[in-house]
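**Student:** Take a look at data27.txt, compact mmCIF, C-alpha atoms and all ligand atoms:
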# COMPACT_ATOMS: atom_id res chain seq x y z
CA MET C 293 -76.14 -103.05 191.59
CA THR C 294 -73.73 -103.36 188.66
CA ARG C 295 -70.17 -102.12 188.83
CA TYR C 296 -71.11 -99.28 186.51
CA GLU C 297 -74.04 -98.23 188.70
CA SER C 298 -71.78 -98.18 191.70
CA ALA C 299 -69.12 -96.16 189.85
CA LYS C 300 -71.78 -93.75 188.66
CA GLU C 301 -72.80 -93.08 192.27
CA ILE C 302 -69.24 -92.52 193.36
CA TYR C 303 -68.65 -90.01 190.57
CA ALA C 304 -72.02 -88.33 191.17
CA LYS C 305 -70.91 -87.46 194.71
CA LEU C 306 -68.18 -85.34 193.11
CA GLY C 307 -70.68 -83.72 190.77
CA VAL C 308 -69.58 -85.79 187.74
CA ASP C 309 -72.29 -87.21 185.48
CA THR C 310 -70.72 -90.34 183.94
CA ASP C 311 -73.66 -90.94 181.57
CA ALA C 312 -73.14 -87.47 180.14
CA ALA C 313 -69.40 -88.12 179.85
CA ILE C 314 -70.04 -91.34 177.94
CA GLU C 315 -72.52 -89.70 175.57
CA LYS C 316 -70.16 -86.78 174.97
CA LEU C 317 -67.20 -89.02 174.20
CA LYS C 318 -69.23 -90.91 171.61
CA GLU C 319 -69.40 -87.79 169.43
CA ILE C 320 -65.77 -86.63 169.57
CA PRO C 321 -63.99 -87.48 166.31
CA VAL C 322 -60.43 -88.77 166.52
CA SER C 323 -58.42 -89.25 163.36
CA LEU C 324 -57.16 -92.80 162.86
CA HIS C 325 -53.91 -92.86 160.87
CA CYS C 326 -53.81 -95.34 158.00
CA TRP C 327 -50.01 -95.69 158.24
CA GLN C 328 -49.76 -97.95 161.32
CA GLY C 329 -50.83 -100.91 159.18
CA ASP C 330 -47.92 -100.97 156.75
CA ASP C 331 -45.02 -99.17 158.45
CA VAL C 332 -45.69 -95.86 156.58
CA ILE C 333 -44.76 -97.37 153.20
CA GLY C 334 -47.89 -96.70 151.13
CA PHE C 335 -48.61 -97.79 147.57
CA ASP C 336 -46.67 -95.38 145.37
CA HIS C 337 -43.09 -96.63 145.73
CA ASP C 338 -41.01 -99.70 146.51
CA GLY C 339 -38.30 -97.99 148.49
CA PRO C 340 -37.81 -97.75 152.25
CA LEU C 341 -39.28 -95.18 154.61
CA THR C 342 -37.01 -92.13 154.60
CA GLY C 343 -37.17 -88.51 155.68
CA GLY C 344 -35.92 -88.68 159.24
CA ILE C 345 -38.60 -91.07 160.46
CA GLN C 346 -38.15 -94.78 161.01
CA THR C 347 -40.06 -97.88 161.95
CA THR C 348 -38.28 -100.70 163.73
CA GLY C 349 -39.30 -104.34 163.81
CA ASN C 350 -40.43 -106.91 161.32
CA TYR C 351 -43.56 -108.45 162.81
CA PRO C 352 -45.39 -110.63 160.28
CA GLY C 353 -48.55 -109.45 158.56
CA ARG C 354 -47.72 -106.00 157.20
CA ALA C 355 -50.45 -104.86 154.78
CA THR C 356 -49.03 -104.57 151.26
CA THR C 357 -52.15 -103.80 149.21
CA PRO C 358 -55.05 -101.35 149.60
CA GLU C 359 -57.39 -104.32 150.14
CA GLN C 360 -55.27 -105.66 152.99
CA LEU C 361 -54.87 -102.26 154.60
CA MET C 362 -58.60 -101.59 154.39
CA ALA C 363 -59.43 -105.00 155.83
CA ASP C 364 -57.05 -104.31 158.72
CA LEU C 365 -58.61 -100.91 159.28
CA ASP C 366 -62.02 -102.55 159.45
CA GLU C 367 -60.74 -104.77 162.25
CA VAL C 368 -59.53 -101.72 164.15
CA ILE C 369 -62.78 -99.84 163.58
CA LYS C 370 -64.72 -102.85 164.85
CA LEU C 371 -62.53 -103.35 167.92
CA THR C 372 -62.31 -99.76 169.16
CA PRO C 373 -65.02 -97.57 170.66
CA GLY C 374 -65.59 -93.99 169.56
CA MET C 375 -66.09 -91.82 166.51
CA LYS C 376 -63.35 -91.89 163.93
CA LYS C 377 -62.04 -89.93 161.00
CA LEU C 378 -59.64 -91.66 158.68
CA ASN C 379 -56.25 -90.04 158.14
CA VAL C 380 -54.75 -90.80 154.71
CA HIS C 381 -51.29 -89.90 153.43
CA ALA C 382 -50.66 -89.02 149.78
CA ASN C 383 -48.33 -92.03 149.34
CA TYR C 384 -51.44 -94.20 149.80
CA ALA C 385 -52.72 -93.21 146.35
CA ILE C 386 -54.32 -96.15 144.54
CA PHE C 387 -53.24 -96.38 140.90
CA ASP C 388 -55.84 -98.52 139.18
CA ASP C 389 -55.22 -97.00 135.76
CA GLY C 390 -51.49 -96.36 135.89
CA TYR C 391 -48.90 -94.72 138.12
CA VAL C 392 -48.43 -90.96 138.20
CA ASP C 393 -45.88 -88.99 140.16
CA ARG C 394 -46.82 -87.10 143.30
CA ASP C 395 -47.00 -83.68 141.67
CA VAL C 396 -49.90 -84.75 139.45
CA ILE C 397 -51.97 -86.99 141.73
CA GLU C 398 -55.70 -86.43 141.45
CA PRO C 399 -58.86 -87.06 143.43
CA LYS C 400 -59.49 -90.22 141.39
CA HIS C 401 -56.43 -91.84 142.95
CA PHE C 402 -58.18 -91.62 146.31
CA LYS C 403 -61.69 -92.58 145.26
CA LYS C 404 -61.41 -95.94 146.99
CA TRP C 405 -60.51 -94.19 150.24
CA VAL C 406 -63.52 -91.92 149.82
CA ASP C 407 -65.77 -94.91 149.18
CA PHE C 408 -64.32 -96.66 152.21
CA ALA C 409 -64.90 -93.63 154.45
CA LYS C 410 -68.39 -92.91 153.14
CA GLU C 411 -69.53 -96.49 153.58
CA ARG C 412 -68.48 -96.28 157.21
CA GLY C 413 -69.80 -92.78 157.84
CA MET C 414 -66.35 -91.37 158.49
CA GLY C 415 -64.74 -88.05 157.60
CA LEU C 416 -61.28 -87.97 156.02
CA ASP C 417 -58.08 -86.09 156.81
CA PHE C 418 -55.14 -85.81 154.45
CA ASN C 419 -51.38 -85.35 154.32
CA PRO C 420 -49.06 -84.54 151.46
CA THR C 421 -46.06 -86.90 151.54
CA PHE C 422 -42.74 -85.07 151.40
CA PHE C 423 -40.62 -88.15 152.15
CA SER C 424 -39.77 -91.61 150.79
CA HIS C 425 -39.31 -90.26 147.27
CA PRO C 426 -36.35 -89.77 144.87
CA LYS C 427 -37.14 -86.06 144.47
CA VAL C 428 -36.17 -85.40 148.09
CA LYS C 429 -32.89 -83.72 147.09
CA ASP C 430 -30.08 -83.54 149.64
CA GLY C 431 -32.68 -84.01 152.36
CA LEU C 432 -34.77 -81.05 151.19
CA THR C 433 -38.18 -80.61 149.57
CA LEU C 434 -40.15 -77.39 150.05
CA SER C 435 -37.02 -75.59 151.26
CA SER C 436 -34.71 -76.83 148.51
CA PRO C 437 -32.43 -74.27 146.81
CA ASP C 438 -32.96 -76.28 143.64
CA GLU C 439 -35.93 -74.54 142.08
CA GLU C 440 -37.06 -77.56 140.07
CA THR C 441 -37.14 -79.70 143.21
CA ARG C 442 -38.97 -77.05 145.21
CA GLN C 443 -41.54 -76.51 142.45
CA PHE C 444 -42.19 -80.24 142.22
CA TRP C 445 -43.05 -80.35 145.90
CA ILE C 446 -45.15 -77.18 145.73
CA ARG C 447 -47.16 -78.81 142.95
CA HIS C 448 -47.54 -81.85 145.20
CA GLY C 449 -48.84 -79.69 148.05
CA ARG C 450 -51.31 -77.93 145.77
CA ALA C 451 -52.53 -81.24 144.36
CA CYS C 452 -53.13 -82.32 147.96
CA ILE C 453 -55.24 -79.23 148.69
CA ARG C 454 -57.44 -80.21 145.72
CA ILE C 455 -57.70 -83.76 147.03
CA SER C 456 -58.54 -82.46 150.51
CA GLN C 457 -61.33 -80.37 149.00
CA TYR C 458 -62.59 -83.49 147.22
CA PHE C 459 -62.54 -85.40 150.52
CA ALA C 460 -64.53 -82.63 152.23
CA ASP C 461 -67.01 -82.33 149.35
CA GLU C 462 -67.61 -86.06 149.22
CA THR C 463 -67.92 -86.72 152.95
CA GLY C 464 -69.44 -83.40 154.01
CA VAL C 465 -66.89 -83.34 156.84
CA PRO C 466 -64.03 -80.79 157.00
CA CYS C 467 -60.66 -82.19 155.97
CA VAL C 468 -57.57 -81.35 158.00
CA MET C 469 -54.52 -81.26 155.71
CA ASN C 470 -51.22 -81.43 157.49
CA ILE C 471 -47.93 -80.23 156.04
CA TRP C 472 -44.83 -81.85 157.50
CA THR C 473 -41.45 -82.09 155.86
CA GLY C 474 -38.29 -83.65 157.24
CA ASP C 475 -36.23 -80.87 155.64
CA GLY C 476 -33.05 -80.14 157.51
CA SER C 477 -29.40 -81.06 157.79
CA LYS C 478 -27.27 -83.65 159.53
CA ASP C 479 -24.50 -81.22 160.25
CA VAL C 480 -24.06 -77.61 161.22
CA PRO C 481 -25.55 -75.44 158.47
CA ALA C 482 -24.10 -72.18 157.20
CA ASP C 483 -27.49 -70.72 156.35
CA ARG C 484 -30.47 -71.21 158.60
CA LEU C 485 -32.57 -68.40 157.18
CA GLY C 486 -32.47 -69.19 153.45
CA PRO C 487 -34.18 -72.59 153.71
CA ARG C 488 -36.81 -71.11 156.04
CA MET C 489 -37.58 -68.27 153.66
CA ARG C 490 -38.02 -70.79 150.85
CA TYR C 491 -40.15 -73.05 153.06
CA LYS C 492 -42.34 -70.07 153.98
CA ASP C 493 -42.81 -69.12 150.35
CA SER C 494 -43.58 -72.73 149.40
CA ILE C 495 -46.29 -73.18 152.03
CA GLU C 496 -47.78 -69.84 151.00
CA GLN C 497 -47.99 -71.09 147.43
CA ILE C 498 -49.57 -74.36 148.57
CA ILE C 499 -52.30 -72.76 150.66
CA ALA C 500 -52.96 -70.27 147.84
CA GLU C 501 -54.49 -73.18 145.93
CA PRO C 502 -58.25 -72.41 145.93
CA HIS C 503 -60.20 -74.16 148.69
CA ASP C 504 -63.13 -73.56 151.00
CA PRO C 505 -61.49 -72.51 154.28
CA LYS C 506 -64.38 -73.91 156.28
CA MET C 507 -63.93 -77.35 154.75
CA VAL C 508 -60.19 -77.63 154.11
CA LYS C 509 -57.95 -76.85 157.06
CA PRO C 510 -54.23 -76.64 156.27
CA CYS C 511 -51.89 -77.27 159.22
CA VAL C 512 -48.14 -76.89 159.66
CA GLU C 513 -46.38 -79.44 161.88
CA SER C 514 -43.11 -78.52 163.54
CA LYS C 515 -40.26 -80.78 164.60
CA VAL C 516 -37.08 -80.55 166.59
CA PHE C 517 -34.93 -83.09 164.73
CA GLY C 518 -35.02 -86.34 162.77
CA ILE C 519 -32.74 -89.31 162.13
CA GLY C 520 -29.94 -88.08 159.88
CA VAL C 521 -31.24 -84.52 160.33
CA GLU C 522 -29.85 -83.83 163.78
CA SER C 523 -28.36 -80.36 163.51
CA TYR C 524 -30.98 -78.25 161.84
CA THR C 525 -34.71 -78.58 161.11
CA VAL C 526 -36.20 -76.04 158.74
CA GLY C 527 -39.75 -76.38 160.11
CA SER C 528 -38.82 -75.81 163.74
CA GLY C 529 -41.28 -74.99 166.53
CA GLU C 530 -40.89 -71.24 166.16
CA PHE C 531 -41.14 -71.45 162.38
CA ALA C 532 -44.37 -73.45 162.31
CA LEU C 533 -46.03 -71.47 165.07
CA SER C 534 -45.12 -68.12 163.53
CA PHE C 535 -46.29 -69.28 160.13
CA ALA C 536 -49.68 -70.35 161.46
CA ALA C 537 -50.02 -67.16 163.52
CA THR C 538 -49.43 -64.94 160.50
CA HIS C 539 -51.44 -66.85 157.89
CA GLU C 540 -55.22 -66.76 158.16
CA GLY C 541 -56.77 -70.19 158.20
CA CYS C 542 -53.52 -72.04 158.86
CA ILE C 543 -53.54 -74.22 161.96
CA PRO C 544 -50.48 -75.07 164.09
CA LEU C 545 -50.03 -78.80 164.58
CA MET C 546 -48.16 -80.12 167.61
CA ASP C 547 -46.84 -83.67 167.61
CA ASN C 548 -45.89 -84.57 171.16
CA GLY C 549 -42.81 -86.41 169.90
CA HIS C 550 -41.40 -83.27 168.35
CA TYR C 551 -40.10 -81.33 171.34
CA HIS C 552 -37.21 -81.45 173.74
CA PRO C 553 -37.75 -84.28 176.22
CA THR C 554 -38.71 -82.12 179.19
CA GLU C 555 -41.17 -79.99 177.23
CA VAL C 556 -44.79 -81.11 177.40
CA VAL C 557 -47.49 -80.56 174.81
CA SER C 558 -50.15 -80.62 177.56
CA ASP C 559 -48.90 -77.22 178.69
CA LYS C 560 -48.66 -75.92 175.13
CA ILE C 561 -52.32 -76.73 174.37
CA PRO C 562 -53.82 -73.95 176.54
CA ALA C 563 -51.03 -71.59 175.49
CA LEU C 564 -52.00 -71.95 171.84
CA LEU C 565 -55.73 -71.94 172.60
CA ALA C 566 -55.25 -68.44 173.98
CA PHE C 567 -54.42 -67.29 170.44
CA PHE C 568 -55.67 -69.73 167.80
CA PRO C 569 -59.32 -70.51 167.05
CA GLU C 570 -58.27 -74.08 166.27
CA ILE C 571 -55.18 -76.20 166.86
CA ALA C 572 -54.22 -79.71 165.76
CA LEU C 573 -52.43 -82.55 167.50
CA HIS C 574 -50.47 -85.63 166.55
CA ILE C 575 -50.77 -87.91 169.54
CA THR C 576 -47.86 -90.28 169.90
CA ARG C 577 -45.48 -91.72 172.51
CA PRO C 578 -41.92 -90.56 172.25
CA VAL C 579 -39.51 -92.83 174.14
CA ARG C 580 -36.26 -90.86 174.56
CA TRP C 581 -36.70 -89.45 171.06
CA ASP C 582 -39.46 -89.19 168.41
CA SER C 583 -39.76 -92.97 168.42
CA ASP C 584 -43.50 -93.08 167.68
CA HIS C 585 -44.26 -95.91 170.11
CA VAL C 586 -47.90 -96.94 170.56
CA VAL C 587 -49.88 -94.42 172.65
CA LEU C 588 -50.54 -95.68 176.19
CA PHE C 589 -52.82 -94.46 178.96
CA ASP C 590 -49.86 -92.75 180.61
CA ASP C 591 -49.50 -89.51 182.53
CA GLU C 592 -48.75 -87.12 179.68
CA THR C 593 -51.46 -88.66 177.49
CA LYS C 594 -53.94 -88.11 180.32
CA GLU C 595 -52.67 -84.59 180.86
CA MET C 596 -53.11 -83.65 177.20
CA ALA C 597 -56.70 -84.89 177.19
CA LYS C 598 -57.40 -83.07 180.46
CA GLU C 599 -56.24 -79.78 178.98
CA ILE C 600 -58.49 -80.13 175.95
CA VAL C 601 -61.54 -80.91 178.12
CA ARG C 602 -60.74 -78.36 180.83
CA CYS C 603 -60.33 -75.62 178.24
CA ASP C 604 -63.72 -76.61 176.83
CA ALA C 605 -61.91 -77.00 173.50
CA LEU C 606 -63.11 -80.37 172.22
CA ASP C 607 -64.43 -78.63 169.11
CA ARG C 608 -61.27 -76.54 168.63
CA VAL C 609 -58.65 -79.29 168.78
CA ASN C 610 -58.23 -81.55 165.75
CA MET C 611 -56.96 -84.79 167.25
CA ALA C 612 -55.04 -87.36 165.24
CA LEU C 613 -52.95 -90.35 166.19
CA ASP C 614 -49.44 -90.65 164.78
CA TYR C 615 -47.30 -93.66 165.64
CA PHE C 616 -45.95 -96.71 163.87
CA ASP C 617 -44.67 -99.82 165.54
CA ALA C 618 -43.54 -102.70 163.32
CA SER C 619 -42.31 -104.88 166.17
CA ILE C 620 -45.70 -106.09 167.44
CA ASN C 621 -49.06 -107.11 165.94
CA ARG C 622 -49.97 -103.97 164.00
CA ILE C 623 -53.73 -104.32 164.56
CA SER C 624 -53.14 -104.59 168.28
CA ALA C 625 -50.85 -101.56 168.14
CA TRP C 626 -53.55 -99.58 166.36
CA CYS C 627 -56.24 -100.68 168.86
CA VAL C 628 -54.19 -100.07 171.99
CA GLY C 629 -53.25 -96.58 170.83
CA PHE C 630 -56.76 -95.60 169.82
CA ARG C 631 -58.22 -97.06 173.02
CA SER C 632 -55.63 -95.26 175.14
CA TRP C 633 -56.59 -91.87 173.76
CA GLN C 634 -60.28 -92.71 174.22
CA LYS C 635 -59.55 -93.64 177.84
CA ALA C 636 -57.65 -90.40 178.34
CA LEU C 637 -60.61 -88.42 177.00
CA LEU C 638 -63.05 -90.35 179.18
CA ASN C 639 -60.84 -89.80 182.21
CA ALA C 640 -60.78 -86.07 181.45
CA LEU C 641 -64.56 -85.97 180.97
CA CYS C 642 -65.02 -87.62 184.39
CA MET C 643 -63.26 -84.93 186.39
CA PRO C 644 -64.89 -82.12 188.42
CA HIS C 645 -62.97 -79.40 186.61
CA GLU C 646 -65.00 -76.46 187.88
CA ALA C 647 -64.55 -77.45 191.52
CA LEU C 648 -60.81 -77.95 190.99
CA LYS C 649 -60.45 -74.60 189.23
CA THR C 650 -62.21 -72.90 192.14
CA LEU C 651 -59.71 -74.42 194.56
CA GLN C 652 -56.90 -73.04 192.42
CA ASP C 653 -58.46 -69.59 192.21
CA GLU C 654 -58.87 -69.57 195.98
CA ALA C 655 -55.19 -70.51 196.22
CA ASN C 656 -56.24 -73.57 198.17
CA TRP C 657 -53.33 -75.64 196.92
CA THR C 658 -53.54 -77.96 199.92
CA GLU C 659 -57.02 -79.23 199.08
CA LEU C 660 -56.35 -79.10 195.34
CA MET C 661 -53.53 -81.58 195.79
CA VAL C 662 -55.67 -83.84 197.99
CA ARG C 663 -58.61 -83.83 195.53
CA GLN C 664 -56.42 -84.37 192.46
CA GLU C 665 -54.81 -87.37 194.15
CA GLN C 666 -58.20 -88.79 195.18
CA ILE C 667 -59.49 -88.62 191.63
CA LYS C 668 -56.67 -90.81 190.39
CA THR C 669 -58.12 -93.92 192.05
CA LEU C 670 -61.80 -93.42 191.20
CA PRO C 671 -63.35 -96.43 189.39
CA LEU C 672 -62.72 -95.16 185.85
CA GLY C 673 -62.31 -98.75 184.63
CA ASP C 674 -66.00 -99.45 185.28
CA VAL C 675 -67.05 -96.35 183.34
CA TRP C 676 -64.67 -97.33 180.54
CA GLU C 677 -66.15 -100.83 180.40
CA GLU C 678 -69.65 -99.34 180.17
CA TYR C 679 -68.54 -96.93 177.43
CA CYS C 680 -67.06 -99.80 175.42
CA ARG C 681 -70.26 -101.81 175.89
CA ARG C 682 -72.44 -98.91 174.70
CA CYS C 683 -70.19 -98.60 171.63
CA GLY C 684 -70.66 -102.27 170.83
CA THR C 685 -67.23 -103.47 171.90
CA ASP C 686 -65.60 -104.52 175.18
CA ASP C 687 -62.32 -104.50 177.02
CA GLU C 688 -62.00 -108.30 177.23
CA GLY C 689 -62.70 -110.02 173.97
CA TRP C 690 -61.13 -107.65 171.45
CA PHE C 691 -57.68 -109.12 171.83
CA GLU C 692 -59.02 -112.63 171.22
CA GLU C 693 -60.30 -111.35 167.89
CA VAL C 694 -56.89 -109.82 167.11
CA LYS C 695 -55.30 -113.20 167.75
CA ARG C 696 -57.83 -114.97 165.54
CA TYR C 697 -57.20 -112.45 162.75
CA GLU C 698 -53.47 -112.95 163.09
CA ARG C 699 -53.86 -116.74 162.87
CA GLU C 700 -56.30 -116.72 159.99
CA VAL C 701 -55.26 -113.67 157.97
CA LEU C 702 -52.00 -111.94 158.90
CA VAL C 703 -49.64 -114.92 159.02
CA ASN C 704 -50.74 -116.00 155.55
CA ARG C 705 -49.57 -112.80 153.91
C1 LIG C 801 -42.87 -87.18 161.43
C2 LIG C 801 -44.18 -86.53 161.65
C3 LIG C 801 -45.25 -86.85 160.64
C4 LIG C 801 -45.28 -88.29 160.23
C5 LIG C 801 -46.46 -88.66 159.35
C6 LIG C 801 -46.36 -90.04 158.80
O1 LIG C 801 -41.99 -86.99 162.45
O2 LIG C 801 -44.64 -86.83 162.93
O3 LIG C 801 -46.46 -86.41 161.12
O4 LIG C 801 -45.25 -89.14 161.33
O5 LIG C 801 -46.60 -87.71 158.38
ZN ZN C 802 -46.59 -86.23 163.38
Mind turning this structure into structure tokens?
**Tutor:**
Amino acid sequence: MTRYESAKEIYAKLGVDTDAAIEKLKEIPVSLHCWQGDDVIGFDHDGPLTGGIQTTGNYPGRATTPEQLMADLDEVIKLTPGMKKLNVHANYAIFDDGYVDRDVIEPKHFKKWVDFAKERGMGLDFNPTFFSHPKVKDGLTLSSPDEETRQFWIRHGRACIRISQYFADETGVPCVMNIWTGDGSKDVPADRLGPRMRYKDSIEQIIAEPHDPKMVKPCVESKVFGIGVESYTVGSGEFALSFAATHEGCIPLMDNGHYHPTEVVSDKIPALLAFFPEIALHITRPVRWDSDHVVLFDDETKEMAKEIVRCDALDRVNMALDYFDASINRISAWCVGFRSWQKALLNALCMPHEALKTLQDEANWTELMVRQEQIKTLPLGDVWEEYCRRCGTDDEGWFEEVKRYEREVLVNR
């Protein structure tokens, strides 16, 4: 008997079908962010990353061209199990026939990304880029009191809706388009409403750009604070949630690095599912702040995946990774994070949720605690190994390949 066969029997005694879990996980798309490979820099500017977010570290091998970034992505795709979408940011525009500013970018600037995704059978998600740009005026974009600045960024958002529609048309897969700005202030503001009213109007103008609501899904991502923007964030939790709740077709996006440290997104998932047909997630690992460390198979990651599975909401939650670590091998960072979320989903799919819910409804908290603790030491590793094998990868050799790629490709950049 193999280790997997033995694990399968153990799970079957609890009423869990591990083969079904494996097959299910194979078809759940998770959006792989392009920005782990180059520290969120992109191809449309030479400046540093700004806008309240920061990478730390200077590990060799950062991708500096579209070709390098795509080659690195191919490594990650090869070394990770599971279905992927590719998440592209507007600053990753590819200017083969001349640079244009962000307010006039066009589908043609993303054709290479479309070709890349189509060749690999992947859908695409998209993000306007409201940071790392000289037109971020006094830390503000869509909420700027300077009408010229605000209009520039509205035009950028609308251009991104058109590009999202192009992505959806080309791939046949719906495109999630996420709006996040770092707008806010370092010190105590005198007007908290004005910027929010302007932000609201700006997003309304962006989503008014014609699109097929079934194929282009605009999201609004909230945040609590950013570096240099500690006192006031325009797109706060209440703002983003209220906006999505009052605008048909707009999806709330929760990044689990964007809340106060004792708040947990796992608990917010079912709360939002009670009201929204769809929600979106940025899965990250905040260490003391929104540090965007590589996602691990840790307790809160597991808990988030459990909530999605338990709520039977795998088709209502748009899942995307969002982290950027420049202090370690970037391919490894990408792979560990993607694998961790896959593991969390597999773990969630291998739990006897109905039986546990019944214990709760019967107020049998004694047995519920006992069963939940037992589950923690079931042989998930053997199921994970089998899942990797069935997806054409493994949990042993992938890191050897990362090391080879570092030796032969990354260090020569
Ligand atoms: C920043 C937000 C945002 C970005 C990406 C690159 O705090 O999380 O989602 O990380 O747009
Ligand atoms: Zn995010």
**Student:** For Glu698 of chain C, list every protein, DNA or RNA residue within 9 Å, evaluated using all atoms listed in the file, and leave out those in the same chain fewer than 3 positions away; present the list as JSON, numbers by chain.
**Tutor:** {"C": [352, 353, 621, 623, 693, 694, 695, 701, 702, 703, 704]}
**Student:** Which is closest to Thr669 of chain C among C:Cys683, C:Val512, C:Ala299, C:Val628, if we use only C-alpha atoms?
**Tutor:**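 The shortest atom-to-atom distance to Thr669 of chain C comes from C:Ala299.
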**Student:** If we count all atoms listed in the file and set the cut-off at 9 Å, which residues sit around segment 425-429 of chain C, ignoring sequence neighbours fewer than 5 positions away in its own chain? Please answer as a list in words.
**Tutor:**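 What passes the distance filter is His337, Gly339, Leu341, Thr342, Gly343, Ser436, Asp438, Thr441, Phe444, Trp445 and Asp475 of chain C.
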**Student:** Can you spit out the residues from that selection as a PDB file, keeping the file's coordinate frame, using C-alpha atoms?
**Tutor:**
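The resulting file, out_22.pdb, is reproduced below:
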ATOM      1  CA  HIS C 337     -43.090 -96.630 145.730  1.00  0.00           C
ATOM      2  CA  GLY C 339     -38.300 -97.990 148.490  1.00  0.00           C
ATOM      3  CA  LEU C 341     -39.280 -95.180 154.610  1.00  0.00           C
ATOM      4  CA  THR C 342     -37.010 -92.130 154.600  1.00  0.00           C
ATOM      5  CA  GLY C 343     -37.170 -88.510 155.680  1.00  0.00           C
ATOM      6  CA  SER C 436     -34.710 -76.830 148.510  1.00  0.00           C
ATOM      7  CA  ASP C 438     -32.960 -76.280 143.640  1.00  0.00           C
ATOM      8  CA  THR C 441     -37.140 -79.700 143.210  1.00  0.00           C
ATOM      9  CA  PHE C 444     -42.190 -80.240 142.220  1.00  0.00           C
ATOM     10  CA  TRP C 445     -43.050 -80.350 145.900  1.00  0.00           C
ATOM     11  CA  ASP C 475     -36.230 -80.870 155.640  1.00  0.00           C
TER      12      ASP C 475
END
**Student:** Residues at most 12 Å from Leu564 of chain C, counting all atoms listed in the file, excluding those fewer than 4 positions away in the same chain, as a list in words?
**Tutor:**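 Selected residues are Leu533, Ser534, Ala536, Ala537, Ile543, Pro544, Leu545, Met546, Val557, Ser558, Asp559, Lys560, Phe568, Pro569, Glu570, Ile571, Ala572, Leu573, Glu599, Ile600, Cys603, Ala605, Arg608 and Val609 of chain C.
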**Student:** For ligand ZN 802 (chain C), return the neighbouring residues as a list in words (distance at most 7 Å; all atoms listed in the file).
**Tutor:**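 Protein and nucleic-acid residues within 7 Å of ligand ZN 802 (chain C): Glu513, Asp547, His574 and Asp614 of chain C.
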**Student:** For ligand LIG 801 (chain C), return the neighbouring residues as a PDB file with C-alpha atoms, in the frame of the given file (distance at most 9 Å; all atoms listed in the file).
**Tutor:**
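File selection.pdb, as written:
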ATOM      1  CA  HIS C 325     -53.910 -92.860 160.870  1.00  0.00           C
ATOM      2  CA  TRP C 327     -50.010 -95.690 158.240  1.00  0.00           C
ATOM      3  CA  GLN C 328     -49.760 -97.950 161.320  1.00  0.00           C
ATOM      4  CA  VAL C 332     -45.690 -95.860 156.580  1.00  0.00           C
ATOM      5  CA  GLY C 343     -37.170 -88.510 155.680  1.00  0.00           C
ATOM      6  CA  GLY C 344     -35.920 -88.680 159.240  1.00  0.00           C
ATOM      7  CA  ILE C 345     -38.600 -91.070 160.460  1.00  0.00           C
ATOM      8  CA  GLN C 346     -38.150 -94.780 161.010  1.00  0.00           C
ATOM      9  CA  HIS C 381     -51.290 -89.900 153.430  1.00  0.00           C
ATOM     10  CA  ASN C 419     -51.380 -85.350 154.320  1.00  0.00           C
ATOM     11  CA  PRO C 420     -49.060 -84.540 151.460  1.00  0.00           C
ATOM     12  CA  THR C 421     -46.060 -86.900 151.540  1.00  0.00           C
ATOM     13  CA  PHE C 422     -42.740 -85.070 151.400  1.00  0.00           C
ATOM     14  CA  PHE C 423     -40.620 -88.150 152.150  1.00  0.00           C
ATOM     15  CA  ASN C 470     -51.220 -81.430 157.490  1.00  0.00           C
ATOM     16  CA  ILE C 471     -47.930 -80.230 156.040  1.00  0.00           C
ATOM     17  CA  TRP C 472     -44.830 -81.850 157.500  1.00  0.00           C
ATOM     18  CA  THR C 473     -41.450 -82.090 155.860  1.00  0.00           C
ATOM     19  CA  GLY C 474     -38.290 -83.650 157.240  1.00  0.00           C
ATOM     20  CA  GLU C 513     -46.380 -79.440 161.880  1.00  0.00           C
ATOM     21  CA  SER C 514     -43.110 -78.520 163.540  1.00  0.00           C
ATOM     22  CA  LYS C 515     -40.260 -80.780 164.600  1.00  0.00           C
ATOM     23  CA  PHE C 517     -34.930 -83.090 164.730  1.00  0.00           C
ATOM     24  CA  GLY C 518     -35.020 -86.340 162.770  1.00  0.00           C
ATOM     25  CA  MET C 546     -48.160 -80.120 167.610  1.00  0.00           C
ATOM     26  CA  ASP C 547     -46.840 -83.670 167.610  1.00  0.00           C
ATOM     27  CA  ASN C 548     -45.890 -84.570 171.160  1.00  0.00           C
ATOM     28  CA  GLY C 549     -42.810 -86.410 169.900  1.00  0.00           C
ATOM     29  CA  HIS C 550     -41.400 -83.270 168.350  1.00  0.00           C
ATOM     30  CA  HIS C 574     -50.470 -85.630 166.550  1.00  0.00           C
ATOM     31  CA  THR C 576     -47.860 -90.280 169.900  1.00  0.00           C
ATOM     32  CA  ASP C 582     -39.460 -89.190 168.410  1.00  0.00           C
ATOM     33  CA  SER C 583     -39.760 -92.970 168.420  1.00  0.00           C
ATOM     34  CA  ASP C 584     -43.500 -93.080 167.680  1.00  0.00           C
ATOM     35  CA  ASP C 614     -49.440 -90.650 164.780  1.00  0.00           C
ATOM     36  CA  TYR C 615     -47.300 -93.660 165.640  1.00  0.00           C
ATOM     37  CA  PHE C 616     -45.950 -96.710 163.870  1.00  0.00           C
TER      38      PHE C 616
END
**Student:** Quick one: everything within 12 Å of Arg488 of chain C, counting only C-alpha atoms, minus sequence neighbours fewer than 2 positions away in the same chain. Send it as a PyMOL selection string.
**Tutor:** chain C and resi 432-437+473+475-476+483-486+490-495+524-528+530-532+534-535
**Student:** Name the closest residue to Lys403 of chain C among the candidates C:Trp690, C:Tyr458, C:Tyr551, C:Phe335; distances are taken between atoms, counting all atoms listed in the file.
**Tutor:** C:Tyr458
